[in-house]
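Following: one structure in structure tokens, then a few remarks.
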Amino acid sequence: MNTTARTLRSSVVATGAGLLLAAAGAVLAPAAMAVPTDTMPPALSVSTAAPAEIGLGGLPVGFTTTASNTGAYDTSAARLIYRIDGGSGLPPNALSLQYRLDGTAWKTVPLTYDDAEFSGELPETFPLAAGKSRTVQLRLGLPMGSPHDGDSNGGTNRLKLTTMISYGVSGAANDTDVDTVQVHGLSTRLFGVPATAVAGGPGVTFRATVTNPTASAYENVTDVLFTNRHTTVQVQRSGKWTTLKPVASSAEPDVYGFDVIGKDASLAAHSSTSAKVRVTYRKDAPVGKTTVSPCAIVNEGSIPFRGTTSCGPPASVTVKAASATGTATPTPSATSTTSAGSASPLPTTAGAAATATPSGMTAQLARTGSGGVSVAAVAAAGLVATGAGALGFTAVRRRRGRA
């Protein structure tokens with residue numbers, strides 16, 4: 001009986017303990033099985049308000065990306081990833097991307113370049129609570145090199161900008177946004193160039209204009225007027241004529257360039273600048289047809305005429321000999337009233353035998369020398385009067401070798 005009672009008591013105790021454990025288990029089990037909300041997948045979306053356009057060789061243009069969490073779970077580490085495709089015409093140092101999450105300081109998004117595409121991720125992640133959004137400030141540019149070391153080949157007329165959002169250390173993109181950014185360049189043009197000039201006679205006057213049609217500001221702009229070595233070039237500044245110093249390349253010593261707006265000028269977005277120019281042909285200038293030609297060069301370095309280059313159409317001038325009875329009067333150009341709206345900018349750094357696209361973008365890289373003015377470019381139209389030499393000019397663009 002004692003044995004039975006002991007057994008019954010043990011049974012009751014064991015059963016009671018079991019009931020207590022069961023009750024405790026009923027309370028503890030949900031807590032033990034609960035998963036932190038940060039490990040649950042958030043529902044992320046992304047939207048980029050990309051710039052409509054940027055300038056080739058210009059300063060970066062601002063835009064925004066908005067990251068949103070439309071789900072019920074937070075994330076502590078939202079990630080933004082960018083892919084930018086400009087085609088095979090851009091060199092590896094052509095593009096820049098900057099961002100700022102807080103404060104006023106801009107930070108660089110490290111970019112890699114592979115198979116004609118730039119890619120990079122914001123170095124910083126950020127928390128994004130359920131139902132919340134966050135807007136990130138960014139800047140996109142096509143500097144085409146660095147200050148005073150501009151790329152002298154390459155170009156594009158548009159960028160494909162892809163934005164992706166993810167979370168955590170790694171994982172597939174939760175959402176993607178794709179935008180197209182147009183690319184344009186500086187436009188340079190001559191207005192009112194007389195059709196004739198007289199060797200040893202009075203100079204011919206006209207206006208040289210550089211226009212920035214883009215949303216990018218520009219720095220280190222040099223507008224070069226190319227003539228032959230038989231000329232003197234002056235610009236009017238503060239009502240007085242100032243004689244410019246000619247610049248020549250060792251590759252083409254008979255081609256003179258003159259910085260008509262001053263070296264390393266700045267241009268605001270959607271702005272222009274111009275200079276009144278006077279070109280005098282000396283007595284030893286060969287008679288016949290010649291040209292004056294404008295090119296805008298961004299970030300020209302120590303080698304003359306090498307940088308990110310856009311050239312405008314040349315203007316023809318027929319140099320005549322002085323008459324026996326006196327100096328002839330220059331004849332006005334038939335194209336002197338051409339409007340600025342007819343300018344055809346060439347926003348590329350590629351010297352080209354290629355045909356330009358409808359946007360003015362040269363579609364093919366040049367195969368030229370590395371020492372300044374392209375020999376091929378200077379062979380097409382007479383900078384030296386016809387019959388007096390073989391030099392000519394279409395555009396001053398050259399290919400630069402990089403390590």
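By order of appearance in the structure tokens: chains A, B, ..., then residues from 1 within every chain, and ligands from 1 in the order shown.
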
Can you pull out the residues contacting Ala265 in chain A? Cut-off 10 Å, using only C-alpha atoms, and skip same-chain residues under 5 positions away; I want them as a compact mmCIF listing (two decimals) with N, CA, C and O atoms, in the first residue's frame.
```txt
# COMPACT_ATOMS: atom_id res chain seq x y z
N TYR A 218 30.53 74.70 -67.39
CA TYR A 218 31.83 74.31 -67.91
C TYR A 218 32.92 75.17 -67.30
O TYR A 218 32.73 76.36 -67.04
N GLU A 219 34.08 74.54 -67.09
CA GLU A 219 35.29 75.24 -66.68
C GLU A 219 36.42 74.87 -67.64
O GLU A 219 36.34 73.88 -68.36
N ASN A 220 37.46 75.71 -67.63
CA ASN A 220 38.65 75.44 -68.44
C ASN A 220 38.32 75.30 -69.92
O ASN A 220 38.74 74.36 -70.59
N VAL A 221 37.54 76.27 -70.43
CA VAL A 221 37.15 76.29 -71.84
C VAL A 221 38.08 77.24 -72.60
O VAL A 221 38.28 78.39 -72.19
N THR A 222 38.61 76.78 -73.71
CA THR A 222 39.41 77.62 -74.59
C THR A 222 38.78 77.56 -75.98
O THR A 222 38.64 76.48 -76.55
N ASP A 223 38.38 78.73 -76.50
CA ASP A 223 37.83 78.78 -77.86
C ASP A 223 38.95 79.19 -78.79
O ASP A 223 39.45 80.32 -78.74
N THR A 273 29.14 83.03 -74.78
CA THR A 273 30.04 84.17 -74.74
C THR A 273 30.60 84.38 -76.13
O THR A 273 30.63 83.44 -76.94
N VAL A 298 37.95 71.81 -74.08
CA VAL A 298 37.78 71.77 -72.63
C VAL A 298 38.94 71.00 -72.02
O VAL A 298 39.32 69.93 -72.49
```

For Leu80 in chain A: contacts at 7 Å, only C-alpha atoms, fewer than 4 positions along chain excluded, given as a list of chain:residue names |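 Residues meeting the cut-off are A:Glu121, A:Leu122, A:Met164, A:Ile165, A:Ser166.
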
Given the selection you just returned, output its residues as a file containing C-alpha atoms, formatted as a PDB file, in the first residue's frame.
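Saved file part-v6.pdb follows:
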```
ATOM      1  CA  GLU A 121      27.148  51.227 -55.416  1.00  0.00           C
ATOM      2  CA  LEU A 122      26.707  53.864 -52.744  1.00  0.00           C
ATOM      3  CA  MET A 164      18.597  49.225 -58.493  1.00  0.00           C
ATOM      4  CA  ILE A 165      17.634  48.849 -54.828  1.00  0.00           C
ATOM      5  CA  SER A 166      18.421  45.930 -52.537  1.00  0.00           C
TER       6      SER A 166
END
```

Polymer residues at most 9 Å from Pro123 in chain A, only C-alpha atoms, same-chain spacing of 5 or more positions, as a list of chain:residue names = A:Arg79, A:Leu80, A:Thr108, A:Val109, A:Pro110

Atoms to include: N, CA and C atoms. Write the selected residues as an mmCIF file, in the first residue's frame.
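Okay, again04.cif is ready:
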```
data_model
loop_
_atom_site.group_PDB
_atom_site.id
_atom_site.type_symbol
_atom_site.label_atom_id
_atom_site.label_comp_id
_atom_site.auth_asym_id
_atom_site.auth_seq_id
_atom_site.Cartn_x
_atom_site.Cartn_y
_atom_site.Cartn_z
ATOM 1 N N ARG A 79 20.275 49.433 -49.939
ATOM 2 C CA ARG A 79 21.423 49.641 -50.817
ATOM 3 C C ARG A 79 20.959 50.188 -52.162
ATOM 4 N N LEU A 80 21.727 51.140 -52.711
ATOM 5 C CA LEU A 80 21.461 51.681 -54.036
ATOM 6 C C LEU A 80 22.628 51.340 -54.952
ATOM 7 N N THR A 108 32.133 60.545 -53.393
ATOM 8 C CA THR A 108 32.267 59.851 -54.672
ATOM 9 C C THR A 108 31.711 58.431 -54.590
ATOM 10 N N VAL A 109 30.961 58.059 -55.604
ATOM 11 C CA VAL A 109 30.551 56.672 -55.769
ATOM 12 C C VAL A 109 31.650 55.983 -56.585
ATOM 13 N N PRO A 110 32.379 55.027 -56.003
ATOM 14 C CA PRO A 110 33.431 54.334 -56.767
ATOM 15 C C PRO A 110 32.816 53.582 -57.957
#
```

Mind the document's chain letters and residue numbers, and return as a PyMOL selection string the residues of range 123-360 of chain A that DSSP labels strand (DSSP E or B).
-> chain A and resi 126-128+133-142+145-146+149-150+158-167+175-184+187-191+196-198+204-212+218-228+231-237+240-243+247-249+252-259+265-267+271-281+288-298+308-311+315-320+323+326+356

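Minimum distance to Ala197 in chain A across A:Lys107, A:Lys289, A:Arg237, A:Arg100 (counting only C-alpha atoms) occurs at A:Lys289.
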
When you draw a straight line from CA of Thr75 in chain A to CA of Trp106 in chain A, how long is it in Å?
->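 Between CA of Thr75 in chain A and CA of Trp106 in chain A the gap works out to 24.8 Å.
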
Among the residues of range 28-190 of chain A, find those DSSP assigns to helix (DSSP H, G or I) from the backbone and print them as a PyMOL selection string.
-> chain A and resi 28-33+37-39

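Proximity to Val224 in chain A was assessed for A:Val255, A:Thr280, A:Ser274, A:Pro294 counting only C-alpha atoms; the smallest distance is recorded for A:Pro294.
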
Pick from A:Ser96, A:Gln137, A:Ser293, A:Asn228: nearest to Thr65 in chain A, with only C-alpha atoms counted?
->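 Selected residue with least distance to Thr65 in chain A: A:Gln137.
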
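Neighbours of Arg134 in chain A closer than or equal to 10 Å, with only C-alpha atoms counted and sequence neighbours fewer than 5 positions away skipped, come out as Val46, Thr65, Thr66, Ala67, Ser68, Asn69, Leu101, Phe126, Pro127, Leu128 and Ala129 of chain A.
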
Those residues with C-alpha atoms, as a PDB file, in the first residue's frame please?
```pdb
ATOM      1  CA  VAL A  46      13.125  52.895 -56.281  1.00  0.00           C
ATOM      2  CA  THR A  65      16.830  58.870 -56.249  1.00  0.00           C
ATOM      3  CA  THR A  66      13.942  58.071 -53.908  1.00  0.00           C
ATOM      4  CA  ALA A  67      13.982  54.742 -52.078  1.00  0.00           C
ATOM      5  CA  SER A  68      10.677  53.532 -50.591  1.00  0.00           C
ATOM      6  CA  ASN A  69       9.687  50.668 -48.305  1.00  0.00           C
ATOM      7  CA  LEU A 101      22.961  61.245 -47.720  1.00  0.00           C
ATOM      8  CA  PHE A 126      20.750  53.437 -44.786  1.00  0.00           C
ATOM      9  CA  PRO A 127      17.784  52.267 -42.688  1.00  0.00           C
ATOM     10  CA  LEU A 128      14.331  52.318 -44.204  1.00  0.00           C
ATOM     11  CA  ALA A 129      11.341  51.691 -41.962  1.00  0.00           C
TER      12      ALA A 129
END
```

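Nearest to Asn157 in chain A of all the residues A:Val233, A:Ile54, A:Leu44, A:Ala78 is A:Ile54, counting only C-alpha atoms.
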
Write out as a list of chain:residue names which residues come within 6 Å of range 308-319 of chain A when counting only C-alpha atoms, dropping same-chain ones fewer than 2 positions away.
->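 Near range 308-319 of chain A, the qualifying residues are A:Gly150, A:Asp151, A:Ser152, A:Thr188, A:Arg189, A:Ala195, A:Thr196, A:Ala197, A:Val198, A:Val287, A:Gly288, A:Lys289, A:Thr290, A:Thr291, A:Val292, A:Ser293, A:Pro294, A:Cys295, A:Ala296, A:Ile297, A:Val298, A:Leu346, A:Pro347, A:Thr349, A:Ala395.
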
Can you work out which one of A:Trp241, A:Tyr99, A:Phe191, A:Phe118 has the shortest atom-to-atom distance to Leu159 in chain A, counting only C-alpha atoms?
-> A:Phe118

Tell me which protein, DNA and RNA residues are within 12 Å of Ala94 in chain A, counting only C-alpha atoms, leaving out same-chain ones fewer than 6 positions away, and put them as a PyMOL selection string.
-> chain A and resi 55-60+84-88+111-113+116-118+140-146+149-156+159+308+348-349

Write the residues of the preceding selection, restricted to N, CA and C atoms, as a short mmCIF file (atom, residue, chain, number, x, y, z; two decimals), in the first residue's frame.
```
data_model
loop_
_atom_site.label_atom_id
_atom_site.label_comp_id
_atom_site.auth_asym_id
_atom_site.auth_seq_id
_atom_site.Cartn_x
_atom_site.Cartn_y
_atom_site.Cartn_z
N GLY A 55 26.37 67.78 -70.14
CA GLY A 55 27.31 68.23 -71.15
C GLY A 55 28.57 67.38 -71.20
N LEU A 56 28.98 67.01 -72.40
CA LEU A 56 30.21 66.25 -72.59
C LEU A 56 31.40 67.14 -72.21
N GLY A 57 32.18 66.71 -71.22
CA GLY A 57 33.30 67.49 -70.74
C GLY A 57 32.92 68.55 -69.73
N GLY A 58 31.63 68.61 -69.37
CA GLY A 58 31.16 69.64 -68.43
C GLY A 58 31.13 69.16 -66.99
N LEU A 59 30.67 70.04 -66.12
CA LEU A 59 30.55 69.72 -64.69
C LEU A 59 29.30 68.89 -64.46
N PRO A 60 29.23 68.17 -63.31
CA PRO A 60 28.10 67.27 -63.06
C PRO A 60 26.79 68.02 -62.85
N ILE A 84 25.58 52.46 -65.62
CA ILE A 84 25.50 53.55 -66.60
C ILE A 84 26.18 53.09 -67.88
N ASP A 85 25.42 53.04 -68.96
CA ASP A 85 25.90 52.55 -70.25
C ASP A 85 25.91 53.70 -71.25
N GLY A 86 27.10 54.05 -71.73
CA GLY A 86 27.22 55.11 -72.72
C GLY A 86 27.73 54.62 -74.06
N GLY A 87 27.80 53.32 -74.23
CA GLY A 87 28.31 52.78 -75.48
C GLY A 87 29.82 52.66 -75.44
N SER A 88 30.37 52.11 -76.51
CA SER A 88 31.80 51.81 -76.56
C SER A 88 32.67 53.03 -76.82
N LEU A 111 33.41 53.76 -59.12
CA LEU A 111 32.89 53.14 -60.34
C LEU A 111 33.90 52.17 -60.92
N THR A 112 33.40 51.09 -61.46
CA THR A 112 34.21 50.18 -62.26
C THR A 112 33.71 50.25 -63.70
N TYR A 113 34.59 49.91 -64.62
CA TYR A 113 34.25 49.98 -66.05
C TYR A 113 34.54 48.63 -66.69
N ALA A 116 32.01 48.35 -71.70
CA ALA A 116 31.36 49.61 -72.07
C ALA A 116 30.30 50.05 -71.06
N GLU A 117 30.37 49.55 -69.82
CA GLU A 117 29.39 49.94 -68.81
C GLU A 117 30.10 50.32 -67.51
N PHE A 118 29.63 51.42 -66.92
CA PHE A 118 30.11 51.84 -65.61
C PHE A 118 29.15 51.28 -64.56
N LEU A 140 25.62 63.58 -61.61
CA LEU A 140 26.15 62.78 -62.71
C LEU A 140 26.89 63.69 -63.67
N GLY A 141 28.09 63.30 -64.06
CA GLY A 141 28.86 64.11 -65.00
C GLY A 141 29.64 63.26 -65.98
N LEU A 142 30.03 63.89 -67.07
CA LEU A 142 30.93 63.29 -68.07
C LEU A 142 32.15 64.20 -68.21
N PRO A 143 33.03 64.21 -67.20
CA PRO A 143 34.18 65.11 -67.26
C PRO A 143 35.17 64.78 -68.36
N MET A 144 35.14 63.54 -68.86
CA MET A 144 36.06 63.12 -69.92
C MET A 144 37.51 63.39 -69.52
N GLY A 145 37.90 62.82 -68.40
CA GLY A 145 39.27 63.01 -67.92
C GLY A 145 39.28 63.85 -66.67
N SER A 146 40.27 64.71 -66.55
CA SER A 146 40.44 65.55 -65.37
C SER A 146 40.84 66.96 -65.79
N ASP A 149 43.58 67.92 -68.34
CA ASP A 149 44.00 66.63 -68.89
C ASP A 149 42.78 65.93 -69.47
N GLY A 150 42.11 66.62 -70.39
CA GLY A 150 40.87 66.12 -70.96
C GLY A 150 41.12 65.02 -71.97
N ASP A 151 40.22 64.06 -72.01
CA ASP A 151 40.30 63.01 -73.02
C ASP A 151 40.15 63.61 -74.40
N SER A 152 40.98 63.16 -75.31
CA SER A 152 40.93 63.70 -76.66
C SER A 152 40.37 62.71 -77.66
N ASN A 153 39.74 61.67 -77.18
CA ASN A 153 38.97 60.82 -78.07
C ASN A 153 37.82 60.21 -77.28
N GLY A 154 36.76 59.85 -77.99
CA GLY A 154 35.60 59.27 -77.35
C GLY A 154 34.42 60.22 -77.35
N GLY A 155 33.25 59.68 -77.09
CA GLY A 155 32.05 60.49 -77.05
C GLY A 155 30.81 59.63 -77.07
N THR A 156 29.69 60.23 -76.79
CA THR A 156 28.40 59.55 -76.85
C THR A 156 27.31 60.60 -76.95
N LEU A 159 23.15 58.45 -72.38
CA LEU A 159 23.50 57.49 -71.35
C LEU A 159 22.25 56.74 -70.93
N THR A 308 39.11 67.80 -74.65
CA THR A 308 37.77 67.45 -75.13
C THR A 308 37.31 68.54 -76.09
N THR A 348 31.79 65.72 -79.35
CA THR A 348 32.60 64.51 -79.27
C THR A 348 34.05 64.89 -79.19
N THR A 349 34.86 64.03 -78.64
CA THR A 349 36.28 64.26 -78.65
C THR A 349 36.98 63.42 -79.68
#
```

What is the distance, in Å and to one decimal place, between CA of Ile261 in chain A and CA of Lys283 in chain A?
->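 Going from CA of Ile261 in chain A over to CA of Lys283 in chain A, I get 26.7 Å.
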
Determine the nearest neighbour of Pro246 in chain A from the options A:Pro304, A:Lys276, A:Ser216, A:Pro91, counting only C-alpha atoms.
->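 Looking only at the distances to Pro246 in chain A, the closest residue turns out to be A:Pro304.
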
Provide the CA of Gly171 in chain A to CA of Thr70 in chain A distance in Å, to one decimal place.
->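 Atom-to-atom, CA of Gly171 in chain A to CA of Thr70 in chain A, that is 18.2 Å.
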